[in-house]
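S.K.: I am sharing final-v2.cif, which consists of mmCIF, C-alpha atoms:
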data_data
#
loop_
_atom_site.label_atom_id
_atom_site.label_comp_id
_atom_site.auth_asym_id
_atom_site.auth_seq_id
_atom_site.Cartn_x
_atom_site.Cartn_y
_atom_site.Cartn_z
CA MET N 230 -18.38 -7.67 39.44
CA PRO N 231 -20.06 -9.36 36.41
CA SER N 232 -21.30 -12.88 37.13
CA SER N 233 -19.16 -14.29 34.31
CA GLN N 234 -15.97 -13.27 36.12
CA TRP N 235 -16.83 -15.63 38.97
CA THR N 236 -16.76 -18.65 36.66
CA GLU N 237 -14.15 -17.63 34.07
CA TRP N 238 -10.62 -19.00 34.22
CA PRO N 239 -7.68 -16.61 34.20
CA THR N 240 -6.26 -16.12 30.72
CA ARG N 241 -3.70 -18.58 29.39
CA GLU N 242 -1.00 -15.91 29.54
CA ALA N 243 -1.78 -15.33 33.21
CA LEU N 244 -1.56 -19.06 33.98
CA SER N 245 1.69 -19.54 32.07
CA LEU N 246 5.14 -18.03 32.44
CA VAL N 247 4.79 -15.91 29.29
CA GLY N 248 6.36 -12.53 29.87
CA VAL N 249 7.53 -13.31 33.42
CA PRO N 250 11.06 -11.97 34.05
CA ARG N 251 13.66 -14.58 34.87
CA VAL N 252 14.42 -12.84 38.15
CA ARG N 253 10.76 -13.17 39.18
CA ILE N 254 10.74 -16.86 38.24
CA ALA N 255 13.89 -17.43 40.27
CA LEU N 256 12.39 -15.62 43.28
CA ASP N 257 9.16 -17.65 43.06
CA ILE N 258 11.14 -20.89 42.96
CA ALA N 259 13.24 -19.77 45.91
CA VAL N 260 10.14 -18.89 47.96
CA ARG N 261 8.46 -22.22 47.20
CA ALA N 262 11.64 -24.13 47.98
CA SER N 263 12.00 -22.26 51.28
CA MET N 264 8.43 -23.09 52.28
CA ALA N 265 8.93 -26.75 51.34
CA ALA N 266 12.14 -26.87 53.39
CA TRP N 267 10.36 -25.17 56.29
CA ALA N 268 7.50 -27.69 56.18
CA VAL N 269 9.85 -30.71 56.08
CA SER N 270 12.20 -29.40 58.76
CA SER N 271 9.25 -28.55 61.01
CA ALA N 272 7.90 -32.07 60.54
CA TYR N 273 11.18 -33.57 61.70
CA ALA N 274 11.52 -31.02 64.51
CA SER N 275 8.11 -32.00 65.87
CA GLY N 276 9.49 -35.40 66.89
CA ALA N 277 6.49 -37.17 65.35
CA PHE N 278 8.50 -38.89 62.62
CA ASP N 279 11.07 -41.24 64.06
CA GLY N 280 12.07 -44.77 63.21
CA TRP N 281 10.45 -46.11 60.04
CA ARG N 282 8.22 -43.01 59.89
CA SER N 283 11.21 -40.77 59.18
CA VAL N 284 10.66 -41.30 55.45
CA LEU N 285 7.11 -39.96 55.58
CA PRO N 286 7.97 -36.22 55.42
CA ALA N 287 10.15 -36.83 52.34
CA LEU N 288 7.38 -38.90 50.72
CA GLY N 289 4.85 -36.21 51.58
CA LEU N 290 7.11 -33.60 49.96
CA LEU N 291 7.33 -35.69 46.78
CA CYS N 292 3.55 -36.18 46.69
CA CYS N 293 2.88 -32.46 47.18
CA THR N 294 5.46 -31.50 44.56
CA ALA N 295 3.85 -33.85 42.02
CA ALA N 296 0.40 -32.53 42.94
CA VAL N 297 1.48 -28.90 42.53
CA LEU N 298 3.12 -29.56 39.16
CA GLY N 299 0.02 -31.45 38.00
CA TYR N 300 -2.17 -28.61 39.31
CA ARG N 301 -0.31 -26.12 37.13
CA GLN N 302 -0.99 -28.29 34.09
CA THR N 303 -4.67 -28.94 34.83
CA THR N 304 -5.35 -25.27 35.50
CA LEU N 305 -3.50 -24.34 32.31
CA ALA N 306 -5.89 -26.73 30.50
CA ASN N 307 -8.88 -25.24 32.43
CA ARG N 308 -9.84 -28.61 33.97
CA LEU N 309 -11.71 -27.85 37.19
CA LEU N 310 -12.32 -31.28 38.75
CA PRO N 311 -8.75 -32.57 38.36
CA SER N 312 -7.49 -29.26 39.77
CA LEU N 313 -9.73 -29.60 42.81
CA GLY N 314 -8.61 -33.20 43.25
CA LEU N 315 -4.92 -32.24 43.24
CA LEU N 316 -5.52 -29.49 45.80
CA ALA N 317 -7.42 -32.00 47.89
CA ALA N 318 -4.37 -34.26 47.76
CA VAL N 319 -2.21 -31.43 49.15
CA ALA N 320 -4.82 -30.80 51.88
CA ALA N 321 -4.87 -34.52 52.70
CA VAL N 322 -1.10 -34.54 53.20
CA GLY N 323 -1.55 -31.52 55.45
CA ALA N 324 -4.22 -33.35 57.43
CA GLY N 325 -1.89 -36.32 57.82
CA ALA N 326 0.86 -34.04 59.08
CA TYR N 327 -1.54 -32.50 61.61
CA ALA N 328 -2.70 -35.89 62.78
CA ALA N 329 0.93 -36.90 63.34
CA GLY N 330 1.57 -33.76 65.38
CA ALA N 331 3.37 -31.62 62.76
CA ASP N 332 1.18 -28.52 63.12
CA VAL N 333 3.51 -26.13 61.31
CA SER N 334 3.79 -28.43 58.29
CA SER N 335 0.02 -28.76 58.03
CA THR N 336 -0.36 -24.98 58.28
CA VAL N 337 2.11 -24.39 55.45
CA LEU N 338 0.35 -26.91 53.19
CA TRP N 339 -3.18 -25.63 53.83
CA ILE N 340 -2.25 -21.98 53.37
CA SER N 341 -0.30 -22.80 50.21
CA ALA N 342 -3.30 -24.68 48.80
CA SER N 343 -5.55 -21.71 49.61
CA VAL N 344 -3.25 -19.27 47.83
CA MET N 345 -2.98 -21.54 44.76
CA ALA N 346 -6.77 -21.90 44.61
CA MET N 347 -7.30 -18.14 44.63
CA GLU N 348 -4.47 -17.54 42.16
CA ARG N 349 -5.19 -20.05 39.38
CA MET N 350 -8.82 -21.25 39.48
CA PRO N 351 -12.08 -19.50 38.56
CA LEU N 352 -12.92 -17.04 41.32
CA ALA N 353 -16.01 -18.82 42.71
CA PRO N 354 -14.52 -22.31 43.20
CA GLY N 355 -11.18 -20.77 44.14
CA LEU N 356 -12.81 -18.68 46.88
CA VAL N 357 -14.76 -21.65 48.25
CA THR N 358 -11.65 -23.84 48.24
CA GLY N 359 -9.60 -21.13 49.92
CA VAL N 360 -12.20 -20.58 52.63
CA VAL N 361 -12.36 -24.31 53.37
CA MET N 362 -8.56 -24.61 53.59
CA VAL N 363 -8.11 -21.57 55.81
CA SER N 364 -11.04 -22.67 57.98
CA LEU N 365 -9.27 -25.98 58.63
CA PHE N 366 -6.19 -24.04 59.69
CA ALA N 367 -8.23 -21.74 61.95
CA LEU N 368 -10.11 -24.64 63.57
CA VAL N 369 -7.07 -26.73 64.39
CA GLN N 370 -5.24 -23.70 65.71
CA ASP N 371 -8.21 -22.98 68.01
CA ARG N 372 -8.14 -19.29 67.24
CA SER N 373 -10.72 -16.68 68.13
CA ALA N 374 -13.27 -15.60 65.57
CA LEU N 375 -11.42 -12.32 65.06
CA GLY N 376 -8.06 -14.04 64.62
CA ALA N 377 -9.55 -16.61 62.27
CA GLY N 378 -11.20 -13.87 60.23
CA ILE N 379 -7.99 -11.86 59.96
CA THR N 380 -6.04 -14.97 58.96
CA MET N 381 -8.64 -15.96 56.38
CA ALA N 382 -8.79 -12.46 54.88
CA SER N 383 -4.99 -12.17 54.74
CA VAL N 384 -4.52 -15.51 52.98
CA LEU N 385 -7.36 -14.97 50.51
CA LEU N 386 -6.27 -11.42 49.73
CA GLY N 387 -2.70 -12.62 49.23
CA GLY N 388 -3.83 -15.21 46.71
CA TYR N 389 -6.11 -12.72 45.00
CA SER N 390 -3.31 -10.16 44.73
CA LEU N 391 -1.14 -12.76 42.97
CA ARG N 392 -4.08 -13.42 40.64
CA LEU N 393 -4.44 -9.71 39.84
CA ASP N 394 -0.70 -9.42 39.24
CA ALA N 395 -0.80 -12.32 36.75
CA GLN N 396 -3.84 -10.85 35.00
CA ALA N 397 -2.16 -7.46 34.72
CA ARG N 398 0.89 -9.13 33.17
CA SER N 399 -1.42 -11.01 30.81
CA ALA N 400 -3.19 -7.81 29.79
CA GLY N 401 0.15 -6.11 29.13
CA PHE N 402 1.33 -9.05 27.06
CA ARG N 403 -1.87 -9.03 25.02
CA LEU N 404 -1.65 -5.30 24.45
CA LEU N 405 1.94 -5.72 23.29
CA ALA N 406 0.88 -8.49 20.91
CA GLN N 407 -1.96 -6.33 19.58
CA GLU N 408 0.42 -3.41 19.12
CA ARG N 409 2.85 -5.60 17.20
CA ALA N 410 0.02 -6.94 15.03
CA ALA N 411 -1.18 -3.39 14.38
CA ARG N 412 2.33 -2.30 13.39
CA GLU N 413 2.69 -5.28 11.08
CA ALA N 414 -0.69 -4.55 9.53
CA GLU N 415 0.30 -0.91 9.11
CA ALA N 416 3.59 -1.89 7.49
CA THR N 417 1.79 -4.34 5.20
CA SER N 418 -0.75 -1.70 4.26
CA ALA N 419 2.01 0.80 3.51
CA ALA N 420 3.85 -1.79 1.41
CA LEU N 421 0.68 -2.59 -0.53
CA ALA N 422 0.03 1.11 -1.08
CA GLU N 423 3.57 1.60 -2.36
CA ARG N 424 3.26 -1.42 -4.63
CA ALA N 425 -0.01 -0.06 -5.96
CA ARG N 426 1.68 3.30 -6.62
CA ILE N 427 4.53 1.60 -8.46
CA ALA N 428 2.03 -0.45 -10.45
CA ARG N 429 0.22 2.72 -11.48
CA GLU N 430 3.50 4.33 -12.56
CA ILE N 431 4.47 1.26 -14.60
CA HIS N 432 1.04 1.12 -16.16
CA ASP N 433 0.96 4.80 -17.01
CA VAL N 434 4.48 4.85 -18.48
CA LEU N 435 5.75 1.48 -19.62
CA ALA N 436 2.48 -0.25 -20.51
CA HIS N 437 1.21 2.74 -22.45
CA SER N 438 4.56 3.08 -24.22
CA LEU N 439 4.57 -0.59 -25.25
CA SER N 440 0.97 -0.39 -26.41
CA ALA N 441 1.84 2.64 -28.54
CA GLN N 442 4.86 0.79 -29.96
CA LEU N 443 2.62 -2.11 -30.93
CA VAL N 444 0.27 0.25 -32.77
CA HIS N 445 3.13 1.94 -34.64
CA LEU N 446 4.83 -1.36 -35.46
CA GLU N 447 1.59 -2.76 -36.81
CA ALA N 448 1.12 0.34 -38.94
CA ALA N 449 4.71 0.03 -40.18
CA ARG N 450 4.16 -3.61 -41.05
CA LEU N 451 1.08 -2.77 -43.08
CA GLN N 452 2.92 0.04 -44.90
CA ILE N 453 5.87 -2.23 -45.69
CA GLU N 454 3.59 -4.95 -47.03
CA LEU N 455 2.07 -2.42 -49.45
CA GLY N 456 5.51 -1.52 -50.83
CA PRO N 457 7.36 -3.12 -53.73
CA GLU N 458 8.56 -6.65 -53.20
CA GLY N 459 12.23 -7.43 -52.86
CA PRO N 460 14.96 -8.65 -50.49
CA PHE N 461 15.18 -5.30 -48.73
CA ARG N 462 11.46 -5.29 -48.06
CA GLU N 463 11.57 -8.81 -46.65
CA GLN N 464 14.43 -7.96 -44.33
CA ILE N 465 12.69 -4.85 -43.02
CA LEU N 466 9.40 -6.72 -42.65
CA GLU N 467 11.10 -9.51 -40.73
CA ARG N 468 12.70 -7.07 -38.31
CA VAL N 469 9.47 -5.15 -37.81
CA VAL N 470 7.54 -8.36 -37.14
CA ALA N 471 10.23 -9.50 -34.68
CA ALA N 472 10.10 -6.12 -32.91
CA ARG N 473 6.32 -6.38 -32.77
CA VAL N 474 6.54 -9.84 -31.17
CA MET N 475 9.05 -8.56 -28.64
CA ALA N 476 6.84 -5.59 -27.82
CA ARG N 477 3.84 -7.89 -27.36
CA GLU N 478 5.82 -10.20 -25.06
CA GLY N 479 7.13 -7.20 -23.14
CA LEU N 480 3.60 -5.91 -22.70
CA ALA N 481 2.44 -9.32 -21.48
CA GLU N 482 5.30 -9.48 -18.99
CA THR N 483 4.56 -5.96 -17.85
CA ARG N 484 0.95 -6.89 -17.20
CA GLN N 485 2.09 -9.93 -15.22
CA ALA N 486 4.38 -7.74 -13.15
CA LEU N 487 1.51 -5.33 -12.54
CA SER N 488 -0.72 -8.20 -11.45
CA ALA N 489 2.00 -9.38 -9.06
CA LEU N 490 2.37 -5.92 -7.57
CA ARG N 491 -1.40 -5.67 -7.08
CA GLY N 492 -1.70 -9.18 -5.68
CA GLU N 493 -3.98 -10.27 -8.51
CA MET N 494 -1.86 -13.05 -10.03
CA ALA N 495 -3.62 -16.12 -11.38
CA PRO N 496 -2.59 -19.51 -9.89
CA VAL N 497 0.84 -20.49 -11.10
CA GLU N 498 -0.40 -23.78 -12.57
CA ASP N 499 -2.91 -21.90 -14.75
CA TYR N 500 -0.14 -19.64 -15.99
CA LEU N 501 2.09 -22.63 -16.82
CA ARG N 502 -0.69 -24.30 -18.77
CA GLU N 503 -1.34 -21.12 -20.76
CA LEU N 504 2.39 -20.74 -21.37
CA GLY N 505 2.62 -24.36 -22.46
CA VAL N 506 -0.25 -23.99 -24.92
CA ALA N 507 1.34 -20.90 -26.44
CA ASP N 508 4.72 -22.65 -26.84
CA GLY N 509 3.45 -26.12 -27.67
CA ALA N 510 4.80 -27.62 -24.42
CA GLU N 511 3.24 -30.38 -22.35
CA THR N 512 2.36 -29.29 -18.80
CA GLU N 513 1.79 -31.52 -15.76
CA VAL N 514 1.03 -30.54 -12.16
CA THR N 515 1.23 -32.96 -9.22
CA GLY N 516 0.83 -32.62 -5.46
CA GLU N 517 -1.68 -30.76 -3.35
CA ARG N 518 -2.31 -27.31 -4.82
CA ARG N 519 -1.84 -24.37 -2.47
CA GLN N 520 -1.35 -20.63 -2.57
CA LEU N 521 2.28 -19.71 -3.12
CA THR N 522 3.99 -16.58 -1.92
CA ALA N 523 4.37 -13.83 -4.50
CA GLU N 524 8.14 -14.36 -4.59
CA ALA N 525 7.94 -18.13 -5.11
CA SER N 526 5.18 -17.79 -7.71
CA GLN N 527 7.14 -15.17 -9.63
CA ALA N 528 10.29 -17.32 -9.56
CA VAL N 529 8.43 -20.31 -11.00
CA ARG N 530 6.88 -18.16 -13.74
CA ARG N 531 10.16 -16.51 -14.74
CA VAL N 532 12.12 -19.76 -14.80
CA ALA N 533 9.45 -21.47 -16.90
CA GLN N 534 9.39 -18.55 -19.30
CA GLU N 535 13.19 -18.41 -19.59
CA ALA N 536 13.49 -22.20 -20.03
CA LEU N 537 10.90 -22.22 -22.83
CA THR N 538 12.64 -19.29 -24.54
CA ASN N 539 15.95 -21.15 -24.42
CA ALA N 540 14.31 -24.29 -25.77
CA ARG N 541 12.94 -22.32 -28.75
CA LYS N 542 16.36 -20.77 -29.40
CA HIS N 543 18.62 -23.77 -28.98
CA ALA N 544 16.36 -26.74 -29.73
CA PRO N 545 13.76 -25.57 -32.24
CA GLY N 546 11.12 -28.20 -32.87
CA ALA N 547 12.04 -30.24 -29.79
CA LYS N 548 9.35 -31.63 -27.51
CA VAL N 549 9.18 -29.70 -24.23
CA ARG N 550 7.64 -30.96 -20.99
CA MET N 551 7.00 -28.87 -17.86
CA LEU N 552 6.40 -30.59 -14.51
CA LEU N 553 5.31 -28.62 -11.44
CA VAL N 554 5.36 -30.55 -8.15
CA TYR N 555 3.93 -29.29 -4.86
CA GLU N 556 6.02 -30.86 -2.08
CA ASP N 557 6.17 -30.45 1.68
CA GLY N 558 7.54 -26.99 2.34
CA GLU N 559 8.64 -26.32 -1.23
CA VAL N 560 7.62 -26.33 -4.87
CA ALA N 561 9.67 -27.85 -7.70
CA LEU N 562 9.60 -27.07 -11.42
CA GLU N 563 11.26 -29.14 -14.12
CA VAL N 564 11.42 -28.05 -17.77
CA ARG N 565 12.88 -30.69 -20.08
CA ASP N 566 13.30 -30.64 -23.85
CA SER N 567 14.07 -33.58 -26.10
CA GLY N 568 16.87 -31.70 -27.85
CA ALA N 569 17.55 -30.98 -31.51
CA ALA N 570 20.08 -32.77 -33.69
CA GLY N 571 23.56 -31.37 -33.06
CA GLN N 572 22.27 -28.76 -30.58
CA ALA N 573 21.50 -30.69 -27.40
CA GLY N 574 24.37 -29.24 -25.36
CA GLU N 575 24.68 -25.83 -26.94
CA LEU N 576 23.11 -23.94 -24.06
CA GLY N 577 25.14 -25.82 -21.51
CA THR N 578 28.40 -25.00 -23.25
CA SER N 579 27.47 -21.36 -23.53
CA GLY N 580 27.22 -20.93 -19.75
CA SER N 581 23.46 -21.51 -19.48
CA GLY N 582 22.69 -17.99 -20.64
CA TYR N 583 22.43 -14.79 -18.64
CA GLY N 584 18.69 -15.37 -18.17
CA LEU N 585 19.15 -18.63 -16.30
CA LEU N 586 22.02 -17.11 -14.33
CA GLY N 587 19.63 -14.41 -13.13
CA MET N 588 17.01 -17.05 -12.31
CA ARG N 589 19.60 -18.99 -10.30
CA GLU N 590 20.36 -15.86 -8.28
CA ARG N 591 16.64 -15.28 -7.76
CA ALA N 592 16.21 -18.86 -6.49
CA GLU N 593 19.16 -18.58 -4.11
CA LEU N 594 17.81 -15.35 -2.65
CA LEU N 595 14.63 -17.26 -1.81
CA GLY N 596 16.62 -20.08 -0.21
CA GLY N 597 16.11 -22.40 -3.19
CA THR N 598 18.22 -23.91 -5.95
CA LEU N 599 18.26 -23.91 -9.73
CA GLU N 600 20.09 -26.51 -11.82
CA ALA N 601 20.41 -26.31 -15.60
CA GLY N 602 22.38 -28.45 -17.99
CA PRO N 603 22.30 -31.09 -20.71
CA GLU N 604 20.80 -34.44 -19.83
CA GLY N 605 20.55 -37.25 -22.34
CA GLU N 606 19.78 -35.77 -25.73
CA GLY N 607 18.12 -32.65 -24.36
CA PHE N 608 18.42 -29.93 -21.79
CA VAL N 609 16.85 -29.80 -18.30
CA VAL N 610 16.13 -26.91 -15.96
CA ARG N 611 15.19 -27.78 -12.37
CA LEU N 612 14.02 -25.20 -9.83
CA ARG N 613 13.26 -25.70 -6.13
CA VAL N 614 12.08 -22.90 -3.87
CA PRO N 615 10.55 -22.90 -0.37
CA ALA N 616 6.79 -22.45 -0.47
#
Written as structure tokens, how would this file's structure read?
M.R.:
Amino acid sequence: MPSSQWTEWPTREALSLVGVPRVRIALDIAVRASMAAWAVSSAYASGAFDGWRSVLPALGLLCCTAAVLGYRQTTLANRLLPSLGLLAAVAAVGAGAYAAGADVSSTVLWISASVMAMERMPLAPGLVTGVVMVSLFALVQDRSALGAGITMASVLLGGYSLRLDAQARSAGFRLLAQERAAREAEATSAALAERARIAREIHDVLAHSLSAQLVHLEAARLQIELGPEGPFREQILERVVAARVMAREGLAETRQALSALRGEMAPVEDYLRELGVADGAETEVTGERRQLTAEASQAVRRVAQEALTNARKHAPGAKVRMLLVYEDGEVALEVRDSGAAGQAGELGTSGSGYGLLGMRERAELLGGTLEAGPEGEGFVVRLRVPA
């Protein structure tokens, strides 16, 4: 046996009730209660506790119960000296019972302390403590060397078998936890691989198609500009330029979606600042920055994008302010515009737009909320999602 195993504590799982069936816990409690009842009844049956001393067995039971409960906690915390002290308290109660003439009670306490020492402490101090306890029992019982040796071996082996049983349960629990972690890692790896495949498909099809559209729209714009001037030319040029802007925005959104699928998204506050610069909006971030989940980050980005688009449509020229707040357990985004004359409530009366309706559904799926409506002279969009 390696020397380290003599000084190592049993694992935390072995010292706790993790993975122990309820039936086994009930049986252990029943056995301990039976032994306690046996020790107390034997103390009273010995005739040594009469008169005012009749309360001593009950007090001794309370002291031993407190010591055993404390011993479980100190061994769980791997504290050797307090554990030895609590076992010594149980042995002292046993010595008092023997001195009073309750031999059976003292035997139960000493053997129980020996078993607990072998079961829950490092093997070296547990073995020494067990040998001392069983030796006390053998000496007071005045047994032969052979009888004392058999008794000592039986008690120590019993405690050691309980220790091995707890360690086997601990090993099984750890293997189960490792298997679950491996399955989760495998599922995560498969999800990432699938997301990477989808990202490649989007890149190869949609991104290339949008890039080609941009090239053709730019060529069409140049051809139209070379043609004869007139109202028809201006109308066509305006539509081509608008289509080119939409294609560019679609390509940018596609690239963001690809970054999200690949897990390469920039921090959400950086994205909001870039978005604010492009749209002429003021951006402010408060709270302690932290990494958001992909779902929460994407929700914040989409809501900010949709709110700025609505502000351009329904309040052109209005001042827009974006506020991102990192709070405990969630992140909040507020997009507020100052409104345009005669148009402050237009979006609110039109049902907040299908875009914001979709964003509200996205927020609710994440366990968050989205509120949008006129406020003062402008329009406000507020998003809250767990993060």
S.K.: Which of these residues is nearest to Val337 (chain N), using all atoms listed in the file: N:Leu391, N:Ala528, N:Met264, N:Ala353?
M.R.: N:Met264
S.K.: Return as a PyMOL selection string the set of residues that the PyMOL selection byres ((chain N and resi 588-599) around 9) yields on the displayed structure.
M.R.: chain N and resi 524-525+528+531-532+535+559+583-587+600-601+610-615
S.K.: Determine, counting only C-alpha atoms, every residue of protein, DNA or RNA that lies within 12 Å of (-8.2, -31.1, 37.5) in the file coordinates, then give the result as a PDB file with C-alpha atoms, in the coordinates of the input.
M.R.:
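Saved the output as part-v6.pdb:
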ATOM      1  CA  ALA N 296       0.400 -32.530  42.940  1.00  0.00           C
ATOM      2  CA  VAL N 297       1.480 -28.900  42.530  1.00  0.00           C
ATOM      3  CA  LEU N 298       3.120 -29.560  39.160  1.00  0.00           C
ATOM      4  CA  GLY N 299       0.020 -31.450  38.000  1.00  0.00           C
ATOM      5  CA  TYR N 300      -2.170 -28.610  39.310  1.00  0.00           C
ATOM      6  CA  ARG N 301      -0.310 -26.120  37.130  1.00  0.00           C
ATOM      7  CA  GLN N 302      -0.990 -28.290  34.090  1.00  0.00           C
ATOM      8  CA  THR N 303      -4.670 -28.940  34.830  1.00  0.00           C
ATOM      9  CA  THR N 304      -5.350 -25.270  35.500  1.00  0.00           C
ATOM     10  CA  LEU N 305      -3.500 -24.340  32.310  1.00  0.00           C
ATOM     11  CA  ALA N 306      -5.890 -26.730  30.500  1.00  0.00           C
ATOM     12  CA  ASN N 307      -8.880 -25.240  32.430  1.00  0.00           C
ATOM     13  CA  ARG N 308      -9.840 -28.610  33.970  1.00  0.00           C
ATOM     14  CA  LEU N 309     -11.710 -27.850  37.190  1.00  0.00           C
ATOM     15  CA  LEU N 310     -12.320 -31.280  38.750  1.00  0.00           C
ATOM     16  CA  PRO N 311      -8.750 -32.570  38.360  1.00  0.00           C
ATOM     17  CA  SER N 312      -7.490 -29.260  39.770  1.00  0.00           C
ATOM     18  CA  LEU N 313      -9.730 -29.600  42.810  1.00  0.00           C
ATOM     19  CA  GLY N 314      -8.610 -33.200  43.250  1.00  0.00           C
ATOM     20  CA  LEU N 315      -4.920 -32.240  43.240  1.00  0.00           C
ATOM     21  CA  LEU N 316      -5.520 -29.490  45.800  1.00  0.00           C
ATOM     22  CA  ALA N 317      -7.420 -32.000  47.890  1.00  0.00           C
ATOM     23  CA  ALA N 318      -4.370 -34.260  47.760  1.00  0.00           C
ATOM     24  CA  ALA N 346      -6.770 -21.900  44.610  1.00  0.00           C
ATOM     25  CA  ARG N 349      -5.190 -20.050  39.380  1.00  0.00           C
ATOM     26  CA  MET N 350      -8.820 -21.250  39.480  1.00  0.00           C
TER      27      MET N 350
END
S.K.: Could you please determine the separation between CA of Val514 (chain N) and CA of Leu501 (chain N) in Å, to one decimal place?
M.R.: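 We find that CA of Val514 (chain N) and CA of Leu501 (chain N) lie 9.2 Å from each other.
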S.K.: If we count all atoms listed in the file, what is near Ala266 (chain N) at a cut-off of 10 Å, once residues fewer than 6 positions away on the same chain are taken out, given as a VMD selection string?
M.R.: chain N and resid 260 272 290 334
S.K.: Write out the residues from the selection above, keeping C-alpha atoms, as a PDB file, in the frame of the given file.
M.R.:
ATOM      1  CA  VAL N 260      10.140 -18.890  47.960  1.00  0.00           C
ATOM      2  CA  ALA N 272       7.900 -32.070  60.540  1.00  0.00           C
ATOM      3  CA  LEU N 290       7.110 -33.600  49.960  1.00  0.00           C
ATOM      4  CA  SER N 334       3.790 -28.430  58.290  1.00  0.00           C
TER       5      SER N 334
END
S.K.: What is the CA of Gly378 (chain N)-CA of Ser275 (chain N) distance in Å, reported with one decimal?
M.R.: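 Computing the Euclidean distance for CA of Gly378 (chain N) and CA of Ser275 (chain N) yields 27.1 Å.
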S.K.: What is the CA of Ala616 (chain N)-CA of Tyr555 (chain N) distance in Å, reported with one decimal?
M.R.: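 Straight-line distance from CA of Ala616 (chain N) to CA of Tyr555 (chain N) works out to 8.6 Å.
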S.K.: Which one of N:Ala342, N:Ile427, N:Ile254, N:Met551 sits closest to Val609 (chain N) if you count only C-alpha atoms?
M.R.: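 Among N:Ala342, N:Ile427, N:Ile254, N:Met551, it is N:Met551 that comes nearest to Val609 (chain N).
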S.K.: Identify which of the residues N:Ile431, N:Phe402, N:Ala243, N:Gly323 lies closest to Glu348 (chain N), counting all atoms listed in the file when measuring atom-to-atom distances.
M.R.: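 Using all atoms listed in the file, Glu348 (chain N) sits closest to N:Ala243.
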S.K.: Check what the PyMOL selection byres ((chain N and resi 357) around 12) selects in the file above and give those residues as an NGL selection string.
M.R.: :N and (235 or 313 or 342-344 or 346-347 or 350-356 or 358-364 or 381 or 385)
S.K.: Of the candidates N:Thr483, N:Ser567, N:Cys293, N:His445, which one gets nearest to Arg429 (chain N) if we count only C-alpha atoms?
M.R.: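 Between N:Thr483, N:Ser567, N:Cys293, N:His445, the residue approaching Arg429 (chain N) most closely is N:Thr483.
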S.K.: List as a list in words the residues having at least one atom at most 10 Å from position (-3.5, -22.3, -3.2) as given in the file, counting all atoms listed in the file.
M.R.: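 All residues meeting the 10 Å criterion around (-3.5, -22.3, -3.2) are Pro496, Val497, Glu498, Glu517, Arg518, Arg519, Gln520, Leu521 and Thr522 of chain N.
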